[in-house]
>>> print(open('data07.txt').read())   # compact mmCIF, C-alpha atoms
# COMPACT_ATOMS: atom_id res chain seq x y z
CA MET A 105 6.69 -19.09 -30.49
CA LYS A 106 5.03 -16.53 -32.70
CA THR A 107 3.88 -13.47 -30.83
CA ASN A 108 0.13 -13.27 -30.79
CA TRP A 109 -0.40 -9.51 -30.72
CA LYS A 110 -4.16 -9.76 -30.72
CA TYR A 111 -4.14 -11.93 -27.59
CA LEU A 112 -1.71 -9.56 -25.85
CA LEU A 113 -3.92 -6.62 -26.75
CA GLN A 114 -6.91 -8.44 -25.30
CA ILE A 115 -5.02 -9.05 -22.02
CA PHE A 116 -3.97 -5.40 -21.92
CA LEU A 117 -7.51 -4.11 -22.52
CA SER A 118 -9.06 -6.45 -19.96
CA PHE A 119 -6.82 -5.11 -17.19
CA LEU A 120 -7.09 -1.55 -18.49
CA LYS A 121 -10.84 -1.62 -17.86
CA ILE A 122 -10.44 -2.68 -14.22
CA GLY A 123 -8.48 0.38 -13.17
CA PRO A 124 -10.71 3.45 -13.30
CA VAL A 125 -13.77 2.03 -11.55
CA THR A 126 -12.20 1.10 -8.24
CA PHE A 127 -11.67 3.33 -5.23
CA GLY A 128 -10.22 2.54 -1.85
CA GLY A 129 -6.87 0.91 -2.45
CA GLY A 130 -5.68 -2.20 -4.19
CA TYR A 131 -7.92 -4.64 -2.33
CA ALA A 132 -11.00 -3.06 -3.87
CA MET A 133 -9.72 -4.21 -7.27
CA ILE A 134 -9.57 -7.89 -6.35
CA PRO A 135 -13.27 -8.74 -6.93
CA MET A 136 -13.15 -6.85 -10.24
CA ILE A 137 -10.10 -8.80 -11.40
CA GLU A 138 -11.79 -12.04 -10.38
CA ARG A 139 -14.95 -11.20 -12.30
CA GLU A 140 -13.00 -10.29 -15.42
CA VAL A 141 -10.55 -13.21 -15.60
CA VAL A 142 -12.70 -15.97 -14.09
CA ASP A 143 -16.31 -15.23 -15.02
CA LYS A 144 -16.01 -13.23 -18.21
CA ARG A 145 -12.85 -14.35 -19.96
CA LYS A 146 -12.57 -17.82 -18.38
CA TRP A 147 -8.79 -17.42 -18.38
CA VAL A 148 -8.36 -18.69 -14.83
CA LYS A 149 -10.32 -21.31 -12.87
CA THR A 150 -12.03 -20.33 -9.61
CA LYS A 151 -9.86 -22.72 -7.58
CA ASP A 152 -6.65 -21.21 -8.98
CA VAL A 153 -7.59 -17.58 -8.54
CA SER A 154 -7.48 -17.57 -4.72
CA GLU A 155 -4.01 -19.11 -4.87
CA ILE A 156 -2.91 -16.37 -7.26
CA PHE A 157 -4.21 -13.71 -4.86
CA ALA A 158 -2.43 -15.40 -1.93
CA ILE A 159 0.89 -15.34 -3.79
CA ALA A 160 0.29 -11.78 -5.02
CA GLU A 161 -0.16 -10.73 -1.41
CA SER A 162 3.11 -12.26 -0.23
CA VAL A 163 5.20 -10.64 -2.96
CA PRO A 164 6.32 -7.01 -2.50
CA GLY A 165 4.10 -4.46 -4.19
CA ALA A 166 0.42 -3.74 -4.60
CA ILE A 167 -1.79 -6.84 -4.58
CA ALA A 168 -3.88 -5.71 -7.57
CA ILE A 169 -0.84 -5.02 -9.74
CA ASN A 170 0.83 -8.25 -8.62
CA SER A 171 -2.26 -10.35 -9.35
CA ALA A 172 -2.62 -8.85 -12.81
CA THR A 173 1.07 -9.45 -13.54
CA PHE A 174 0.85 -13.04 -12.33
CA ILE A 175 -2.25 -13.80 -14.40
CA GLY A 176 -0.67 -12.11 -17.43
CA TYR A 177 2.39 -14.34 -17.05
CA ARG A 178 0.29 -17.50 -16.90
CA LEU A 179 -1.60 -16.45 -20.03
CA ALA A 180 1.24 -15.32 -22.26
CA GLY A 181 4.62 -15.50 -20.52
CA VAL A 182 6.83 -12.48 -19.86
CA ARG A 183 5.08 -10.42 -22.55
CA GLY A 184 1.71 -11.22 -20.96
CA ALA A 185 3.01 -10.17 -17.53
CA VAL A 186 4.25 -6.84 -18.89
CA VAL A 187 1.06 -5.97 -20.81
CA ALA A 188 -1.19 -6.97 -17.88
CA MET A 189 0.86 -4.82 -15.51
CA ALA A 190 0.82 -1.90 -17.95
CA GLY A 191 -2.94 -2.29 -18.39
CA VAL A 192 -3.73 -2.24 -14.68
CA LEU A 193 -1.30 0.60 -13.97
CA LEU A 194 -2.02 3.03 -16.82
CA PRO A 195 -5.48 4.34 -15.80
CA THR A 196 -4.41 4.74 -12.17
CA PHE A 197 -1.30 6.57 -13.33
CA LEU A 198 -3.24 9.01 -15.51
CA ILE A 199 -5.86 9.67 -12.81
CA VAL A 200 -3.20 10.32 -10.14
CA VAL A 201 -1.29 12.67 -12.46
CA GLY A 202 -4.57 14.45 -13.24
CA LEU A 203 -5.40 14.79 -9.55
CA SER A 204 -1.85 15.99 -8.80
CA ILE A 205 -2.21 18.77 -11.37
CA LEU A 206 -5.62 19.68 -9.97
CA PHE A 207 -4.33 19.61 -6.38
CA LEU A 208 -1.34 21.86 -7.15
CA PHE A 209 -3.76 24.24 -8.85
CA ILE A 210 -6.31 24.51 -6.02
CA LYS A 211 -4.28 23.87 -2.85
CA ASP A 212 -3.79 27.57 -2.04
CA ASN A 213 -7.51 28.28 -2.14
CA PRO A 214 -8.61 29.13 1.45
CA TYR A 215 -11.54 26.67 1.36
CA VAL A 216 -9.32 23.86 0.11
CA GLU A 217 -6.76 24.73 2.79
CA SER A 218 -9.34 24.45 5.56
CA ALA A 219 -10.82 21.29 4.07
CA PHE A 220 -7.37 19.71 4.15
CA VAL A 221 -6.90 20.61 7.82
CA GLY A 222 -9.89 18.36 8.53
CA ILE A 223 -8.89 15.74 5.96
CA ARG A 224 -5.43 15.33 7.53
CA ALA A 225 -7.10 14.32 10.80
CA ALA A 226 -9.18 11.75 8.89
CA ILE A 227 -6.01 10.40 7.21
CA VAL A 228 -4.58 9.71 10.69
CA ALA A 229 -7.75 7.69 11.40
CA LEU A 230 -7.44 5.87 8.06
CA ILE A 231 -3.86 4.85 8.86
CA ALA A 232 -4.77 3.86 12.43
CA PHE A 233 -7.61 1.75 11.03
CA ALA A 234 -5.22 0.06 8.58
CA ALA A 235 -2.96 -0.75 11.56
CA TYR A 236 -5.93 -2.15 13.46
CA LYS A 237 -6.99 -4.38 10.55
CA ILE A 238 -3.54 -5.80 9.87
CA GLY A 239 -2.96 -6.12 13.63
CA LEU A 240 -5.92 -8.50 13.81
CA THR A 241 -4.12 -11.01 11.59
CA ALA A 242 -0.57 -10.23 12.72
CA ILE A 243 -0.82 -10.20 16.52
CA TYR A 244 -2.00 -13.43 18.13
CA ASP A 245 0.72 -14.47 20.57
CA LYS A 246 3.22 -12.80 22.95
CA THR A 247 6.06 -12.79 20.40
CA THR A 248 4.08 -10.98 17.72
CA LEU A 249 2.76 -8.44 20.26
CA VAL A 250 6.29 -7.68 21.50
CA ILE A 251 7.64 -7.37 17.94
CA THR A 252 4.86 -4.88 17.06
CA ILE A 253 5.51 -2.67 20.09
CA VAL A 254 9.30 -2.82 19.74
CA THR A 255 9.07 -1.91 16.03
CA ALA A 256 6.94 1.17 16.69
CA ALA A 257 9.23 2.18 19.58
CA ILE A 258 12.45 1.74 17.56
CA LEU A 259 11.03 3.83 14.72
CA TYR A 260 9.80 6.52 17.08
CA PHE A 261 12.83 6.85 19.36
CA LEU A 262 15.79 5.71 17.26
CA HIS A 263 14.60 6.92 13.82
CA LEU A 264 16.07 3.80 12.25
CA HIS A 265 15.34 3.47 8.53
CA PRO A 266 12.17 1.38 8.03
CA VAL A 267 13.78 -0.61 5.19
CA ILE A 268 16.37 -1.99 7.63
CA ILE A 269 13.57 -2.98 10.00
CA ILE A 270 11.54 -4.71 7.27
CA VAL A 271 14.54 -6.69 6.01
CA GLY A 272 15.40 -7.46 9.64
CA GLY A 273 11.83 -8.67 10.18
CA ILE A 274 12.18 -11.33 7.50
CA GLY A 275 15.30 -12.73 9.24
CA LEU A 276 13.76 -12.31 12.67
CA GLY A 277 10.70 -14.43 11.81
CA ILE A 278 12.86 -17.26 10.49
CA VAL A 279 15.20 -17.14 13.54
CA VAL A 280 12.40 -16.92 16.12
CA VAL A 281 10.50 -19.87 14.68
CA LYS A 282 13.74 -21.89 14.51
CA VAL A 283 14.81 -21.04 18.08
CA LYS A 284 11.34 -21.76 19.44
CA SER A 285 11.27 -25.16 17.75
CA LEU A 286 14.76 -25.97 19.11
CA LEU A 287 13.48 -25.12 22.59
CA GLY A 288 10.55 -27.41 21.99
CA TYR A 289 7.86 -24.78 21.44
CA ALA A 290 5.62 -24.98 18.43
CA THR A 291 4.80 -21.68 16.71
CA ARG A 292 1.47 -21.13 15.07
CA LEU A 293 2.56 -19.50 11.82
CA GLU A 294 -0.82 -18.00 11.11
CA ARG A 295 -3.74 -16.95 13.19
CA ASP A 296 -6.32 -19.72 13.54
CA ASP A 297 -9.57 -18.92 11.84
CA LYS A 298 -12.30 -18.53 14.38
CA MET B 27 20.12 14.15 -10.91
CA GLU B 28 16.61 14.25 -9.53
CA LEU B 29 15.01 11.68 -11.86
CA LEU B 30 17.62 9.05 -11.12
CA ASP B 31 17.26 9.78 -7.41
CA LEU B 32 13.48 9.34 -7.59
CA PHE B 33 13.85 6.12 -9.55
CA TRP B 34 16.38 4.57 -7.12
CA THR B 35 14.40 5.63 -4.08
CA PHE B 36 11.16 4.04 -5.29
CA LEU B 37 12.98 1.00 -6.67
CA MET B 38 14.33 0.34 -3.18
CA ILE B 39 10.89 0.92 -1.64
CA GLY B 40 9.37 -1.36 -4.30
CA PHE B 41 11.52 -4.24 -3.11
CA VAL B 42 10.27 -4.01 0.48
CA SER B 43 6.59 -3.11 -0.12
CA PHE B 44 5.17 -5.98 1.87
CA GLY B 45 1.77 -6.06 3.49
CA GLY B 46 -0.32 -3.56 1.58
CA GLY B 47 0.24 0.07 0.83
CA TYR B 48 -0.19 1.60 4.27
CA ALA B 49 3.03 0.02 5.57
CA MET B 50 4.95 1.99 2.95
CA ILE B 51 3.67 5.36 4.16
CA PRO B 52 6.41 5.84 6.81
CA VAL B 53 9.05 4.53 4.39
CA ILE B 54 8.09 6.96 1.63
CA GLU B 55 7.65 9.76 4.18
CA MET B 56 11.17 9.27 5.57
CA GLU B 57 12.75 9.21 2.10
CA VAL B 58 10.76 12.20 0.91
CA SER B 59 11.72 14.37 3.89
CA GLN B 60 15.36 13.22 3.88
CA HIS B 61 15.67 14.19 0.22
CA GLY B 62 13.92 17.49 0.94
CA TRP B 63 11.22 16.74 -1.66
CA MET B 64 8.36 17.52 0.73
CA THR B 65 7.54 18.21 4.37
CA THR B 66 5.63 15.64 6.44
CA GLN B 67 2.52 17.82 6.32
CA GLU B 68 2.68 18.13 2.53
CA PHE B 69 3.11 14.37 2.40
CA THR B 70 -0.08 13.92 4.47
CA ASP B 71 -1.90 15.72 1.66
CA VAL B 72 -0.31 13.30 -0.81
CA ILE B 73 -1.79 10.42 1.18
CA ALA B 74 -5.16 12.18 1.15
CA VAL B 75 -5.13 12.60 -2.63
CA ALA B 76 -3.68 9.10 -3.14
CA GLY B 77 -6.43 7.72 -0.90
CA MET B 78 -9.07 9.49 -2.97
CA SER B 79 -7.67 8.12 -6.23
CA PRO B 80 -8.53 4.66 -7.49
CA GLY B 81 -5.86 2.02 -7.19
CA PRO B 82 -3.10 1.08 -4.77
CA ILE B 83 -2.21 3.76 -2.24
CA ALA B 84 1.59 3.27 -2.17
CA THR B 85 1.92 3.34 -5.97
CA ASN B 86 -0.37 6.37 -6.13
CA SER B 87 1.72 8.19 -3.51
CA ALA B 88 4.90 7.43 -5.44
CA ILE B 89 3.38 8.82 -8.65
CA PHE B 90 2.18 11.93 -6.81
CA VAL B 91 5.58 12.54 -5.14
CA GLY B 92 7.29 12.02 -8.50
CA TYR B 93 4.98 14.48 -10.21
CA GLN B 94 5.36 17.18 -7.56
CA THR B 95 9.14 16.78 -7.54
CA ALA B 96 9.97 16.54 -11.24
CA GLY B 97 6.80 16.79 -13.33
CA LEU B 98 5.52 14.11 -15.68
CA SER B 99 8.88 12.40 -16.15
CA GLY B 100 9.23 12.29 -12.36
CA ALA B 101 5.84 10.56 -12.11
CA ILE B 102 6.84 8.03 -14.78
CA VAL B 103 10.20 7.06 -13.23
CA SER B 104 8.63 6.79 -9.76
CA ALA B 105 5.90 4.48 -11.03
CA PHE B 106 8.47 2.32 -12.83
CA GLY B 107 10.63 2.21 -9.71
CA MET B 108 7.71 0.92 -7.65
CA VAL B 109 6.58 -1.82 -10.06
CA ILE B 110 9.84 -3.18 -11.48
CA PRO B 111 10.70 -5.15 -8.29
CA SER B 112 7.21 -6.71 -8.28
CA LEU B 113 7.54 -7.71 -11.93
CA MET B 114 10.99 -9.25 -11.41
CA ILE B 115 10.03 -11.18 -8.27
CA ILE B 116 6.77 -12.45 -9.79
CA LEU B 117 8.58 -13.66 -12.92
CA ILE B 118 11.11 -15.53 -10.75
CA ILE B 119 8.43 -17.09 -8.54
CA ALA B 120 6.17 -18.01 -11.44
CA THR B 121 9.07 -19.70 -13.21
CA PHE B 122 10.68 -21.58 -10.33
CA PHE B 123 8.39 -22.18 -7.37
CA PHE B 124 4.72 -21.87 -7.77
CA LYS B 125 3.82 -22.84 -4.19
CA PHE B 126 6.09 -20.06 -2.91
CA ASN B 127 3.72 -18.83 -0.21
CA GLU B 128 3.42 -22.32 1.27
CA LEU B 129 7.15 -22.86 1.81
CA PRO B 130 7.87 -23.19 5.58
CA ILE B 131 10.66 -20.61 5.43
CA VAL B 132 8.39 -18.09 3.74
CA LYS B 133 5.72 -18.71 6.39
CA SER B 134 8.30 -18.20 9.15
CA ALA B 135 9.47 -14.98 7.52
CA PHE B 136 5.90 -13.67 7.47
CA TYR B 137 5.49 -14.59 11.13
CA GLY B 138 8.10 -11.91 11.88
CA LEU B 139 7.15 -9.58 9.04
CA ARG B 140 3.44 -9.16 9.82
CA PRO B 141 3.89 -7.65 13.32
CA ILE B 142 6.68 -5.43 11.97
CA ILE B 143 4.34 -4.14 9.27
CA THR B 144 1.76 -3.46 12.01
CA GLY B 145 4.37 -1.57 14.06
CA LEU B 146 5.31 0.48 10.98
CA ILE B 147 1.71 1.52 10.37
CA ILE B 148 1.18 2.37 14.07
CA TYR B 149 4.30 4.54 13.90
CA ALA B 150 2.96 6.23 10.74
CA ALA B 151 -0.32 7.03 12.50
CA ILE B 152 1.48 8.51 15.55
CA ARG B 153 3.85 10.56 13.41
CA PHE B 154 1.07 11.96 11.23
CA ALA B 155 -1.03 12.70 14.31
CA ILE B 156 1.81 14.79 15.78
CA THR B 157 2.78 16.69 12.60
CA ASN B 158 -0.84 17.52 11.84
CA ASN B 159 -1.72 18.73 15.36
CA VAL B 160 -4.11 15.89 16.10
CA ILE B 161 -2.08 15.25 19.26
CA GLY B 162 -0.27 18.21 20.79
CA ASP B 163 -1.08 21.40 22.66
CA PHE B 164 -4.37 22.05 24.34
CA SER B 165 -6.29 24.28 21.95
CA PHE B 166 -9.62 24.29 20.17
CA GLN B 167 -7.99 23.25 16.90
CA THR B 168 -6.14 20.29 18.40
CA PHE B 169 -9.20 19.16 20.30
CA SER B 170 -11.52 19.41 17.27
CA LEU B 171 -8.98 17.62 15.05
CA LEU B 172 -8.74 14.83 17.60
CA MET B 173 -12.55 14.60 17.52
CA ILE B 174 -12.55 14.37 13.69
CA CYS B 175 -9.90 11.66 13.93
CA VAL B 176 -11.78 9.64 16.56
CA LEU B 177 -15.11 10.00 14.74
CA SER B 178 -13.47 8.98 11.42
CA PHE B 179 -12.02 5.89 13.09
CA PHE B 180 -15.44 5.07 14.53
CA ALA B 181 -17.08 5.56 11.11
CA LEU B 182 -14.53 3.25 9.47
CA MET B 183 -14.72 0.52 12.10
CA LYS B 184 -18.30 0.49 13.38
CA LEU B 185 -20.27 1.99 10.51
CA ARG B 186 -17.99 0.41 7.89
CA MET B 187 -18.12 3.69 5.99
CA HIS B 188 -16.14 3.83 2.76
CA PRO B 189 -12.84 5.76 3.20
CA ILE B 190 -13.73 8.17 0.42
CA TYR B 191 -16.88 9.33 2.29
CA VAL B 192 -14.85 9.68 5.50
CA ILE B 193 -12.36 11.90 3.68
CA ALA B 194 -15.18 13.95 2.12
CA LEU B 195 -16.96 14.43 5.47
CA ALA B 196 -13.72 15.42 7.21
CA GLY B 197 -13.10 17.94 4.42
CA PHE B 198 -16.58 19.37 4.94
CA PHE B 199 -15.99 19.75 8.69
CA GLY B 200 -12.64 21.37 7.89
CA VAL B 201 -14.31 24.04 5.76
CA VAL B 202 -16.96 24.69 8.44
CA LEU B 203 -14.57 24.80 11.42
CA TYR B 204 -11.32 26.40 10.26
>>> encode(input="data07.txt", output="structure tokens")
Amino acid sequence: MKTNWKYLLQIFLSFLKIGPVTFGGGYAMIPMIEREVVDKRKWVKTKDVSEIFAIAESVPGAIAINSATFIGYRLAGVRGAVVAMAGVLLPTFLIVVGLSILFLFIKDNPYVESAFVGIRAAIVALIAFAAYKIGLTAIYDKTTLVITIVTAAILYFLHLHPVIIIVGGIGLGIVVVKVKSLLGYATRLERDDK
Amino acid sequence: MELLDLFWTFLMIGFVSFGGGYAMIPVIEMEVSQHGWMTTQEFTDVIAVAGMSPGPIATNSAIFVGYQTAGLSGAIVSAFGMVIPSLMIILIIATFFFKFNELPIVKSAFYGLRPIITGLIIYAAIRFAITNNVIGDFSFQTFSLLMICVLSFFALMKLRMHPIYVIALAGFFGVVLY
């Protein structure tokens, strides 16, 4: 297969544009990606795009970067995946580096210092709110409630490395569902939509 | 070798970054303080700046930590570390099993993983609350910080205020109060 550089460049530029206009985490980029690849470029059909987002969410990493990589792969193979990922990542990278430089420059200013005292309290709220939102989809029976509490307790009291807990969680889910089905209990694997 | 250390650390984190960026906050925080790259309070500021930047919060934090630790090359290796696992796993899934997320074993795994992710984020909130004096002794500062935290939570949940405005307002109160 001859490499179509122009097509790759087009994929790169499409994802490059999505980056700088989105604030508020990866999820904010999802509608932008959809508009670009479905409505404007007609690279992906509407019925396929939600499946791509669902897979992107269940793979490790940021959903926006994963979606871009996945779409890039479907358009132009491994090269497409790499250029799409580079495109979506580059603006974010440059902005974060720019902000890091700015932050290091101004952080010792007394006003900035006091602002950050307040901001740190808001960050606690932001994290608590993220826990609340994911808790809504994660906790819907006794098992999931117990796992949540035990996880927080283990981290707090035993200082176990979170990576061990995450890897353990994958095995735990598979074992629990298996054991429950052997005992004759059915497990709802996802929260029912109300 | 700091660059290699940064790369390996974020490569490992990249492989387990399930469930959105916030779950990775305690993971990155633990690695960063164990390596002596930053204190927990400094890392809270990283989350603040990462939250104000466009794009995914975990990747942004990794880039920020990399930059503060080893300059531009540190930022580059950290970003690569975070995204290489995603790229590899997506290429494998896209090639071999497209309906990956519908496999029963994957669904079972997520049944256990989702509450663990929730527990991780709850732990992150508690830990940050303690290190930043939102919970602690009984003083004006602690009390007012707790108020800012509670009001921010209320603004996010009930008023559906955008996080960037919440951060800006909290910063304004910080300048006025402290």
>>> residues_around(input="data07.txt", residues="segment 29-31 of chain B", least_positions_apart="3", cutoff="9 Å", atoms="all atoms listed in the file", output="JSON, numbers by chain")
{"B": [34, 35, 36, 61, 92, 95, 96, 99, 100, 103, 104]}
>>> write_last_selection(input="data07.txt", atoms="C-alpha atoms", output="short mmCIF file (atom, residue, chain, number, x, y, z; two decimals), keeping the file's coordinate frame")
data_model
loop_
_atom_site.label_atom_id
_atom_site.label_comp_id
_atom_site.auth_asym_id
_atom_site.auth_seq_id
_atom_site.Cartn_x
_atom_site.Cartn_y
_atom_site.Cartn_z
CA TRP B 34 16.38 4.57 -7.12
CA THR B 35 14.40 5.63 -4.08
CA PHE B 36 11.16 4.04 -5.29
CA HIS B 61 15.67 14.19 0.22
CA GLY B 92 7.29 12.02 -8.50
CA THR B 95 9.14 16.78 -7.54
CA ALA B 96 9.97 16.54 -11.24
CA SER B 99 8.88 12.40 -16.15
CA GLY B 100 9.23 12.29 -12.36
CA VAL B 103 10.20 7.06 -13.23
CA SER B 104 8.63 6.79 -9.76
#
>>> residues_around(input="data07.txt", residues="Asn127 of chain B", least_positions_apart="4", cutoff="8 Å", atoms="only C-alpha atoms", output="list in words")
Ala158, Ile159 and Ser162 of chain A; Val132 and Lys133 of chain B
>>> residues_around(input="data07.txt", residues="Ala232 of chain A", least_positions_apart="3", cutoff="9 Å", atoms="only C-alpha atoms", output="MDAnalysis selection string")
(chainID A and resid 227:229 235:237) or (chainID B and resid 147:148 150:152 179)
>>> atom_distance(input="data07.txt", atom1="atom CA of Pro164 of chain A", atom2="atom CA of Phe41 of chain B")
5.9 Å
>>> interface_residues(input="data07.txt", of="chain B", to="chain A", cutoff="6 Å", atoms="all atoms listed in the file", output="count of residues only")
37
>>> atom_distance(input="data07.txt", atom1="atom CA of Gly47 of chain B", atom2="atom CA of Ile190 of chain B")
16.2 Å
>>> atom_distance(input="data07.txt", atom1="atom CA of Val192 of chain B", atom2="atom CA of Gly46 of chain B")
20.0 Å
>>> residues_around(input="data07.txt", residues="Ile115 of chain A", least_positions_apart="6", cutoff="10 Å", atoms="all atoms listed in the file", output="ChimeraX atom specification")
/A:109,141,145,147,172,175-176,179-180,184-185,187-189,191
>>> residues_around(input="data07.txt", residues="Thr70 of chain B", least_positions_apart="3", cutoff="8 Å", atoms="all atoms listed in the file", output="number ranges by chain")
A: 224, 227; B: 66-67, 73-74, 154
>>> axis_aligned_box(input="data07.txt", around="segment 48-65 of chain B", padding_each_side="3 Å", output="JSON")
{"center_x": 7.7, "center_y": 9.1, "center_z": 2.6, "size_x": 21.9, "size_y": 24.2, "size_z": 14.5}
>>> residues_near_point(input="data07.txt", point="(13.2, -2.7, -5.8)", cutoff="7 Å", atoms="only C-alpha atoms", output="list in words")
Leu37, Met38, Ile39, Gly40, Phe41, Gly107, Met108, Ile110 and Pro111 of chain B
>>> write_last_selection(input="data07.txt", atoms="C-alpha atoms", output="mmCIF file, keeping the file's coordinate frame")
data_model
loop_
_atom_site.group_PDB
_atom_site.id
_atom_site.type_symbol
_atom_site.label_atom_id
_atom_site.label_comp_id
_atom_site.auth_asym_id
_atom_site.auth_seq_id
_atom_site.Cartn_x
_atom_site.Cartn_y
_atom_site.Cartn_z
ATOM 1 C CA LEU B 37 12.980 1.000 -6.670
ATOM 2 C CA MET B 38 14.330 0.340 -3.180
ATOM 3 C CA ILE B 39 10.890 0.920 -1.640
ATOM 4 C CA GLY B 40 9.370 -1.360 -4.300
ATOM 5 C CA PHE B 41 11.520 -4.240 -3.110
ATOM 6 C CA GLY B 107 10.630 2.210 -9.710
ATOM 7 C CA MET B 108 7.710 0.920 -7.650
ATOM 8 C CA ILE B 110 9.840 -3.180 -11.480
ATOM 9 C CA PRO B 111 10.700 -5.150 -8.290
#
>>> closest_residue(input="data07.txt", among="B:Phe199, B:Trp63, B:Tyr48, B:Phe126", to="Gln167 of chain B", atoms="only C-alpha atoms")
B:Phe199
>>> decode(input="data07.txt", residues="segment 128-146 of chain B", atoms="N, CA and C atoms", output="short mmCIF file (atom, residue, chain, number, x, y, z; two decimals), in the first residue's frame")
data_model
loop_
_atom_site.label_atom_id
_atom_site.label_comp_id
_atom_site.auth_asym_id
_atom_site.auth_seq_id
_atom_site.Cartn_x
_atom_site.Cartn_y
_atom_site.Cartn_z
N GLU B 128 -17.92 -5.70 24.72
CA GLU B 128 -19.13 -6.49 24.94
C GLU B 128 -18.82 -7.92 25.37
N LEU B 129 -17.53 -8.28 25.42
CA LEU B 129 -17.17 -9.62 25.89
C LEU B 129 -17.59 -9.78 27.35
N PRO B 130 -18.21 -10.94 27.72
CA PRO B 130 -18.66 -11.13 29.10
C PRO B 130 -17.54 -10.96 30.13
N ILE B 131 -16.33 -11.44 29.79
CA ILE B 131 -15.25 -11.35 30.77
C ILE B 131 -14.83 -9.89 31.00
N VAL B 132 -14.89 -9.10 29.94
CA VAL B 132 -14.56 -7.68 30.08
C VAL B 132 -15.62 -6.98 30.93
N LYS B 133 -16.88 -7.36 30.70
CA LYS B 133 -17.97 -6.76 31.50
C LYS B 133 -17.82 -7.13 32.97
N SER B 134 -17.47 -8.39 33.25
CA SER B 134 -17.25 -8.83 34.63
C SER B 134 -16.10 -8.05 35.26
N ALA B 135 -15.02 -7.88 34.50
CA ALA B 135 -13.86 -7.15 35.01
C ALA B 135 -14.28 -5.73 35.41
N PHE B 136 -15.09 -5.10 34.58
CA PHE B 136 -15.51 -3.73 34.88
C PHE B 136 -16.47 -3.65 36.06
N TYR B 137 -17.18 -4.76 36.31
CA TYR B 137 -18.05 -4.82 37.48
C TYR B 137 -17.22 -4.61 38.75
N GLY B 138 -16.02 -5.21 38.79
CA GLY B 138 -15.13 -5.02 39.93
C GLY B 138 -14.33 -3.74 39.85
N LEU B 139 -13.99 -3.34 38.62
CA LEU B 139 -13.10 -2.19 38.43
C LEU B 139 -13.79 -0.86 38.75
N ARG B 140 -15.06 -0.73 38.35
CA ARG B 140 -15.74 0.56 38.55
C ARG B 140 -15.80 0.99 40.02
N PRO B 141 -16.25 0.09 40.95
CA PRO B 141 -16.24 0.53 42.35
C PRO B 141 -14.84 0.79 42.90
N ILE B 142 -13.84 0.07 42.38
CA ILE B 142 -12.47 0.32 42.83
C ILE B 142 -12.00 1.70 42.39
N ILE B 143 -12.34 2.07 41.16
CA ILE B 143 -12.04 3.41 40.66
C ILE B 143 -12.71 4.46 41.56
N THR B 144 -13.98 4.19 41.94
CA THR B 144 -14.70 5.13 42.81
C THR B 144 -13.96 5.26 44.15
N GLY B 145 -13.57 4.11 44.71
CA GLY B 145 -12.84 4.12 45.99
C GLY B 145 -11.54 4.91 45.89
N LEU B 146 -10.84 4.73 44.77
CA LEU B 146 -9.58 5.47 44.53
C LEU B 146 -9.82 6.98 44.53
#
